[in-house]
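Peer 1: Okay, so here is start-v1.cif, and as you'll see once you scroll down, it has mmCIF, C-alpha atoms and all ligand atoms.
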data_run
#
loop_
_atom_site.group_PDB
_atom_site.id
_atom_site.type_symbol
_atom_site.label_atom_id
_atom_site.label_comp_id
_atom_site.auth_asym_id
_atom_site.auth_seq_id
_atom_site.Cartn_x
_atom_site.Cartn_y
_atom_site.Cartn_z
ATOM 1 C CA MET A 1 120.309 115.319 92.634
ATOM 2 C CA PRO A 2 116.642 114.717 93.417
ATOM 3 C CA GLU A 3 115.567 115.598 96.883
ATOM 4 C CA ILE A 4 114.113 112.712 98.845
ATOM 5 C CA PHE A 5 111.530 113.171 101.534
ATOM 6 C CA ALA A 6 111.031 110.076 103.512
ATOM 7 C CA LEU A 7 108.745 108.901 106.258
ATOM 8 C CA SER A 8 110.248 106.712 108.916
ATOM 9 C CA ALA A 9 108.434 104.536 111.359
ATOM 10 C CA LYS A 10 109.400 102.036 113.981
ATOM 11 C CA PRO A 11 109.351 98.494 112.639
ATOM 12 C CA GLN A 12 106.388 96.495 113.918
ATOM 13 C CA GLY A 13 106.347 92.727 113.721
ATOM 14 C CA ARG A 14 107.230 90.646 110.723
ATOM 15 C CA LEU A 15 106.545 91.570 107.161
ATOM 16 C CA SER A 16 103.763 89.572 105.600
ATOM 17 C CA SER A 17 105.179 87.607 102.710
ATOM 18 C CA THR A 18 101.786 87.723 100.984
ATOM 19 C CA ALA A 19 101.927 91.494 100.949
ATOM 20 C CA ILE A 20 105.381 91.413 99.401
ATOM 21 C CA ALA A 21 104.421 88.803 96.872
ATOM 22 C CA SER A 22 101.285 90.590 95.742
ATOM 23 C CA LYS A 23 102.987 94.006 95.253
ATOM 24 C CA LYS A 24 99.541 95.474 95.021
ATOM 25 C CA PRO A 25 98.997 99.223 95.104
ATOM 26 C CA PRO A 26 97.366 100.210 98.394
ATOM 27 C CA PHE A 27 93.861 100.799 97.094
ATOM 28 C CA GLU A 28 92.161 99.985 100.411
ATOM 29 C CA ARG A 29 94.433 102.417 102.185
ATOM 30 C CA GLY A 30 93.783 104.783 99.335
ATOM 31 C CA SER A 31 90.127 104.933 100.346
ATOM 32 C CA LEU A 32 91.060 105.679 103.972
ATOM 33 C CA LEU A 33 93.417 108.340 102.718
ATOM 34 C CA ARG A 34 90.587 109.749 100.645
ATOM 35 C CA THR A 35 88.375 109.855 103.754
ATOM 36 C CA ASP A 36 91.031 111.699 105.770
ATOM 37 C CA ARG A 37 91.811 114.087 103.000
ATOM 38 C CA ASP A 38 88.191 114.829 102.124
ATOM 39 C CA ASP A 39 87.381 115.357 105.793
ATOM 40 C CA ALA A 40 90.210 117.888 106.149
ATOM 41 C CA ILE A 41 89.127 119.661 102.975
ATOM 42 C CA LYS A 42 85.527 119.762 104.219
ATOM 43 C CA TYR A 43 86.649 121.169 107.578
ATOM 44 C CA LEU A 44 88.781 123.891 105.961
ATOM 45 C CA THR A 45 86.135 124.729 103.363
ATOM 46 C CA LYS A 46 83.619 125.230 106.174
ATOM 47 C CA LEU A 47 86.052 127.574 107.957
ATOM 48 C CA GLY A 48 86.776 129.377 104.692
ATOM 49 C CA PRO A 49 90.008 130.991 103.476
ATOM 50 C CA LYS A 50 90.093 133.545 106.287
ATOM 51 C CA PRO A 51 88.222 132.614 109.465
ATOM 52 C CA THR A 52 88.085 134.969 112.423
ATOM 53 C CA GLU A 53 90.639 134.263 115.118
ATOM 54 C CA ASN A 54 88.007 133.462 117.764
ATOM 55 C CA ASN A 55 86.151 130.925 115.600
ATOM 56 C CA SER A 56 85.519 128.001 117.972
ATOM 57 C CA ASN A 57 85.908 125.482 115.138
ATOM 58 C CA LEU A 58 89.596 126.380 114.880
ATOM 59 C CA HIS A 59 90.313 123.939 117.723
ATOM 60 C CA ARG A 60 91.404 121.135 115.360
ATOM 61 C CA TYR A 61 93.583 123.501 113.333
ATOM 62 C CA ILE A 62 95.244 124.923 116.479
ATOM 63 C CA LYS A 63 95.881 121.427 117.869
ATOM 64 C CA TRP A 64 98.079 120.544 114.881
ATOM 65 C CA PHE A 65 99.308 123.907 113.589
ATOM 66 C CA GLY A 66 99.470 126.075 116.677
ATOM 67 C CA ARG A 67 98.112 129.540 117.362
ATOM 68 C CA TYR A 68 96.161 131.089 114.558
ATOM 69 C CA ASN A 69 97.396 133.716 112.169
ATOM 70 C CA ASP A 70 96.122 134.486 108.674
ATOM 71 C CA GLU A 71 99.330 133.670 106.827
ATOM 72 C CA ARG A 72 99.927 130.266 108.416
ATOM 73 C CA TYR A 73 96.277 129.256 108.126
ATOM 74 C CA ARG A 74 96.404 130.296 104.491
ATOM 75 C CA SER A 75 99.334 127.952 103.820
ATOM 76 C CA VAL A 76 97.410 124.994 105.276
ATOM 77 C CA TYR A 77 94.268 125.948 103.356
ATOM 78 C CA THR A 78 96.268 126.303 100.135
ATOM 79 C CA LEU A 79 97.945 122.925 100.529
ATOM 80 C CA PHE A 80 94.658 121.074 100.868
ATOM 81 C CA SER A 81 93.260 123.059 97.941
ATOM 82 C CA ALA A 82 96.283 121.887 95.931
ATOM 83 C CA MET A 83 95.610 118.282 96.971
ATOM 84 C CA LYS A 84 92.038 118.676 95.810
ATOM 85 C CA SER A 85 93.268 119.685 92.371
ATOM 86 C CA HIS A 86 95.408 116.528 92.172
ATOM 87 C CA PRO A 87 92.953 113.635 92.310
ATOM 88 C CA LEU A 88 94.046 110.483 94.088
ATOM 89 C CA ASP A 89 92.943 108.426 91.104
ATOM 90 C CA SER A 90 95.921 109.774 89.213
ATOM 91 C CA THR A 91 98.403 108.957 92.004
ATOM 92 C CA GLU A 92 100.895 106.314 91.005
ATOM 93 C CA PHE A 93 102.099 103.856 93.642
ATOM 94 C CA THR A 94 105.320 101.954 93.154
ATOM 95 C CA CYS A 95 106.702 99.206 95.362
ATOM 96 C CA ALA A 96 110.316 100.180 95.822
ATOM 97 C CA THR A 97 113.081 97.672 96.436
ATOM 98 C CA PHE A 98 115.166 97.824 99.596
ATOM 99 C CA MET A 99 118.041 99.210 97.561
ATOM 100 C CA GLN A 100 115.831 101.993 96.217
ATOM 101 C CA CYS A 101 114.661 102.786 99.757
ATOM 102 C CA LYS A 102 118.245 102.748 100.935
ATOM 103 C CA LYS A 103 119.441 105.041 98.173
ATOM 104 C CA ASN A 104 119.658 108.666 99.285
ATOM 105 C CA THR A 105 118.891 107.852 102.895
ATOM 106 C CA SER A 106 121.155 106.615 105.642
ATOM 107 C CA PHE A 107 121.787 102.884 105.841
ATOM 108 C CA LEU A 108 120.102 102.635 109.258
ATOM 109 C CA ARG A 109 117.132 104.699 108.236
ATOM 110 C CA ALA A 110 116.466 102.467 105.257
ATOM 111 C CA PHE A 111 115.378 99.730 107.674
ATOM 112 C CA THR A 112 112.488 101.834 108.995
ATOM 113 C CA LEU A 113 111.549 103.725 105.848
ATOM 114 C CA VAL A 114 107.873 103.386 104.957
ATOM 115 C CA ALA A 115 107.517 105.475 101.809
ATOM 116 C CA PHE A 116 109.147 108.291 99.906
ATOM 117 C CA VAL A 117 108.647 110.689 97.031
ATOM 118 C CA ILE A 118 111.263 112.033 94.692
ATOM 119 C CA THR A 119 111.260 115.738 93.920
ATOM 120 C CA PRO A 120 110.033 117.067 91.518
ATOM 121 C CA ASP A 121 107.642 114.174 90.816
ATOM 122 C CA ILE A 122 104.018 115.006 91.534
ATOM 123 C CA GLY A 123 101.527 112.186 91.994
ATOM 124 C CA LYS A 124 104.111 109.433 92.453
ATOM 125 C CA ILE A 125 104.577 107.646 95.773
ATOM 126 C CA ASN A 126 107.182 104.942 96.341
ATOM 127 C CA LEU A 127 106.391 102.340 98.984
ATOM 128 C CA CYS A 128 109.018 100.435 100.949
ATOM 129 C CA SER A 129 108.395 96.956 102.340
ATOM 130 C CA ASN A 130 107.873 98.474 105.833
ATOM 131 C CA PHE A 131 104.706 100.100 104.519
ATOM 132 C CA TRP A 132 102.934 96.733 104.537
ATOM 133 C CA LYS A 133 103.633 96.217 108.242
ATOM 134 C CA GLU A 134 101.621 99.285 109.219
ATOM 135 C CA SER A 135 97.949 99.383 110.222
ATOM 136 C CA ASP A 136 95.439 100.660 107.644
ATOM 137 C CA GLU A 137 95.226 103.963 109.542
ATOM 138 C CA ALA A 138 99.004 104.357 109.650
ATOM 139 C CA GLN A 139 99.239 103.516 105.959
ATOM 140 C CA ALA A 140 96.629 106.164 105.123
ATOM 141 C CA ARG A 141 98.556 108.697 107.209
ATOM 142 C CA ALA A 142 101.813 107.710 105.505
ATOM 143 C CA LEU A 143 100.254 108.273 102.090
ATOM 144 C CA LEU A 144 98.826 111.649 103.080
ATOM 145 C CA HIS A 145 102.201 112.550 104.577
ATOM 146 C CA GLU A 146 103.873 111.776 101.254
ATOM 147 C CA THR A 147 101.370 113.820 99.239
ATOM 148 C CA THR A 148 102.403 116.910 101.256
ATOM 149 C CA HIS A 149 105.921 116.475 99.811
ATOM 150 C CA PHE A 150 104.747 116.826 96.217
ATOM 151 C CA SER A 151 106.244 119.789 94.366
ATOM 152 C CA TYR A 152 103.048 121.843 94.340
ATOM 153 C CA GLU A 153 105.180 124.958 93.891
ATOM 154 C CA LEU A 154 105.608 123.860 90.279
ATOM 155 C CA THR A 155 101.830 124.120 89.801
ATOM 156 C CA GLU A 156 99.444 127.062 89.753
ATOM 157 C CA THR A 157 98.147 126.285 93.222
ATOM 158 C CA GLY A 158 100.442 128.568 95.208
ATOM 159 C CA ALA A 159 101.121 125.796 97.727
ATOM 160 C CA THR A 160 104.621 124.838 98.835
ATOM 161 C CA ARG A 161 105.818 121.321 99.530
ATOM 162 C CA LYS A 162 106.301 120.379 103.149
ATOM 163 C CA THR A 163 109.326 119.026 104.915
ATOM 164 C CA ASP A 164 110.118 116.730 107.859
ATOM 165 C CA TYR A 165 111.004 118.316 111.184
ATOM 166 C CA VAL A 166 109.404 115.805 113.515
ATOM 167 C CA TYR A 167 107.431 112.560 113.219
ATOM 168 C CA GLY A 168 104.438 111.331 115.160
ATOM 169 C CA SER A 169 101.352 112.622 116.921
ATOM 170 C CA GLU A 170 102.991 113.615 120.183
ATOM 171 C CA ALA A 171 105.991 115.372 118.629
ATOM 172 C CA GLY A 172 103.733 117.116 116.114
ATOM 173 C CA GLN A 173 101.408 118.520 118.777
ATOM 174 C CA LYS A 174 104.373 119.571 120.898
ATOM 175 C CA LEU A 175 105.879 121.392 117.929
ATOM 176 C CA ALA A 176 102.614 123.266 117.291
ATOM 177 C CA LYS A 177 102.583 124.455 120.919
ATOM 178 C CA GLU A 178 106.158 125.729 121.027
ATOM 179 C CA PRO A 179 105.950 129.431 121.828
ATOM 180 C CA MET A 180 108.305 130.956 119.275
ATOM 181 C CA MET A 181 108.739 129.278 115.884
ATOM 182 C CA GLY A 182 106.596 126.240 116.726
ATOM 183 C CA PRO A 183 103.520 127.116 114.639
ATOM 184 C CA GLN A 184 105.713 128.218 111.730
ATOM 185 C CA SER A 185 107.473 124.846 111.797
ATOM 186 C CA ALA A 186 104.210 122.935 112.295
ATOM 187 C CA VAL A 187 102.686 124.353 109.092
ATOM 188 C CA MET A 188 105.810 123.172 107.269
ATOM 189 C CA ASN A 189 105.887 119.694 108.838
ATOM 190 C CA ALA A 190 104.464 116.843 106.766
ATOM 191 C CA ASP A 191 103.342 114.644 109.652
ATOM 192 C CA ASN A 192 101.283 117.474 111.185
ATOM 193 C CA TYR A 193 99.199 117.463 107.996
ATOM 194 C CA ALA A 194 98.794 113.706 108.092
ATOM 195 C CA PHE A 195 97.606 113.715 111.709
ATOM 196 C CA PHE A 196 95.456 116.814 111.252
ATOM 197 C CA ALA A 197 93.640 115.115 108.376
ATOM 198 C CA ALA A 198 93.111 111.884 110.321
ATOM 199 C CA ASP A 199 91.909 113.672 113.463
ATOM 200 C CA SER A 200 88.269 114.254 112.602
ATOM 201 C CA ASP A 201 87.083 113.271 116.094
ATOM 202 C CA GLY A 202 89.920 115.023 117.936
ATOM 203 C CA ASN A 203 91.149 111.830 119.610
ATOM 204 C CA LEU A 204 94.597 111.484 118.087
HETATM 205 ZN ZN ZN B 1 108.286 112.967 104.984
#
Could you render the structure from this file as structure tokens?
Ligand SMILES: [Zn+2]
Peer 2:
Amino acid sequence: MPEIFALSAKPQGRLSSTAIASKKPPFERGSLLRTDRDDAIKYLTKLGPKPTENNSNLHRYIKWFGRYNDERYRSVYTLFSAMKSHPLDSTEFTCATFMQCKKNTSFLRAFTLVAFVITPDIGKINLCSNFWKESDEAQARALLHETTHFSYELTETGATRKTDYVYGSEAGQKLAKEPMMGPQSAVMNADNYAFFAADSDGNL
């Protein structure tokens, strides 16, 4: 059975019928996603594959992934390198029906599902109708979130796909700060990547 990784969000307002009718792939959001992703790649490239622990630029990394160590940093660095080798232009967006969104998730969760990917598909993102209710920024984050679930382990990149422990900015930062396994969980949590990428000015 394929493994489904899904992003949930609280429903906001009514769904625009125009958005449903058009069924257009989210190209505008795609460009915001590109901005977030490129910014994160630029940040990590500047730090390099193995920065020193006292590098002051690590602030953004530590905010979302917790205290620095080489191995955990390496897994974040590797994931964004893997994303770089899978251009967004080749990402396929599909508008999923409610029944498709409901399949393999709980009935209640289907009502708040924004998007999902099916393992082992790489480069395919399925969008639920809730996706269209989100702001452009939230849509870009949702798309980046989903790209962290791609089965990169099937590629040469050495990256592993991420999972869902917690959702949201607050929960993600809290997870990163937890003293014991927090940072280890944060580097495995999809939403931490999405917020890290979107947080170029450190205000999230
Ligand atoms: Zn997810």
Peer 1: Ranking A:Ala138, A:Ile122, A:Ile62, A:Val166 by minimum distance to ligand ZN 1 (chain B) and counting all atoms listed in the file, which one comes first?
Peer 2: A:Val166
Peer 1: Counting only C-alpha atoms, find residues at most 12 Å from (99.5, 134.7, 104.6) (file frame) and give them as a PyMOL selection string.
Peer 2: chain A and resi 49-50+68-78+158-159+184+187
Peer 1: State, in Å with one decimal place, the distance from atom CA of A:Lys63 to atom CA of A:Met83.
Peer 2: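 That distance, rounded to one decimal, is 21.1 Å.
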Peer 1: Could you write out as a CSV table (one decimal) with C-alpha atoms, keeping the file's coordinate frame the residues that the PyMOL selection byres (((chain A and resi 95) around 6) and not hetatm) matches in the shown file?
Peer 2:
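Output contents, as saved in selection01.csv:
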chain,number,residue,atom,x,y,z
A,94,THR,CA,105.3,102.0,93.2
A,96,ALA,CA,110.3,100.2,95.8
A,126,ASN,CA,107.2,104.9,96.3
A,127,LEU,CA,106.4,102.3,99.0
Peer 1: To check your reading of the model: which residues sit at most 12 Å from ligand ZN 1 (chain B) when counting all atoms listed in the file? Write the answer as number ranges by chain.
Peer 2: A: 3-9, 105, 113-119, 125-126, 141-150, 161-168, 188-194
Peer 1: Identify, on the basis of all atoms listed in the file, every residue whose closest approach to A:His86 does not exceed 10 Å; exclude the query and any residue fewer than 3 positions from it along the same chain; express the result as an MDAnalysis selection string.
Peer 2: chainID A and resid 80:83 89:91 122:123 147 152
Peer 1: Would you put the residues from that selection into a file with C-alpha atoms, as a PDB file, in the coordinates of the input?
Peer 2:
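Wrote part06.pdb, looks like this:
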ATOM      1  CA  PHE A  80      94.658 121.074 100.868  1.00  0.00           C
ATOM      2  CA  SER A  81      93.260 123.059  97.941  1.00  0.00           C
ATOM      3  CA  ALA A  82      96.283 121.887  95.931  1.00  0.00           C
ATOM      4  CA  MET A  83      95.610 118.282  96.971  1.00  0.00           C
ATOM      5  CA  ASP A  89      92.943 108.426  91.104  1.00  0.00           C
ATOM      6  CA  SER A  90      95.921 109.774  89.213  1.00  0.00           C
ATOM      7  CA  THR A  91      98.403 108.957  92.004  1.00  0.00           C
ATOM      8  CA  ILE A 122     104.018 115.006  91.534  1.00  0.00           C
ATOM      9  CA  GLY A 123     101.527 112.186  91.994  1.00  0.00           C
ATOM     10  CA  THR A 147     101.370 113.820  99.239  1.00  0.00           C
ATOM     11  CA  TYR A 152     103.048 121.843  94.340  1.00  0.00           C
TER      12      TYR A 152
END
Peer 1: Ranking A:Glu134, A:Asp121, A:Gln139, A:Met180 by minimum distance to A:Glu153 and counting only C-alpha atoms, which one comes first?
Peer 2: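 The answer is A:Asp121, which sits nearest to A:Glu153.
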Peer 1: Tell me which of A:Leu175, A:Asn203, A:Lys84, A:Arg67 sits closest to A:Ile41, counting only C-alpha atoms.
Peer 2: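 Closest candidate: A:Lys84.
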Peer 1: Hey, can you check how far atom CA of A:Ser185 sits from atom CA of A:Cys101?
Peer 2: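 Separation between atom CA of A:Ser185 and atom CA of A:Cys101: 26.1 Å.
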Peer 1: Just say which residues the PyMOL selection byres (((chain A and resi 37) around 8) and not hetatm) picks in this file, as a count of residues only.
Peer 2: 12
Peer 1: Measuring between all atoms listed in the file, which one of A:Phe98, A:Asp136, A:Ser31, A:Gly202 shows the shortest distance to A:Arg60?
Peer 2: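 Ranking A:Phe98, A:Asp136, A:Ser31, A:Gly202 by distance to A:Arg60, first place goes to A:Gly202.
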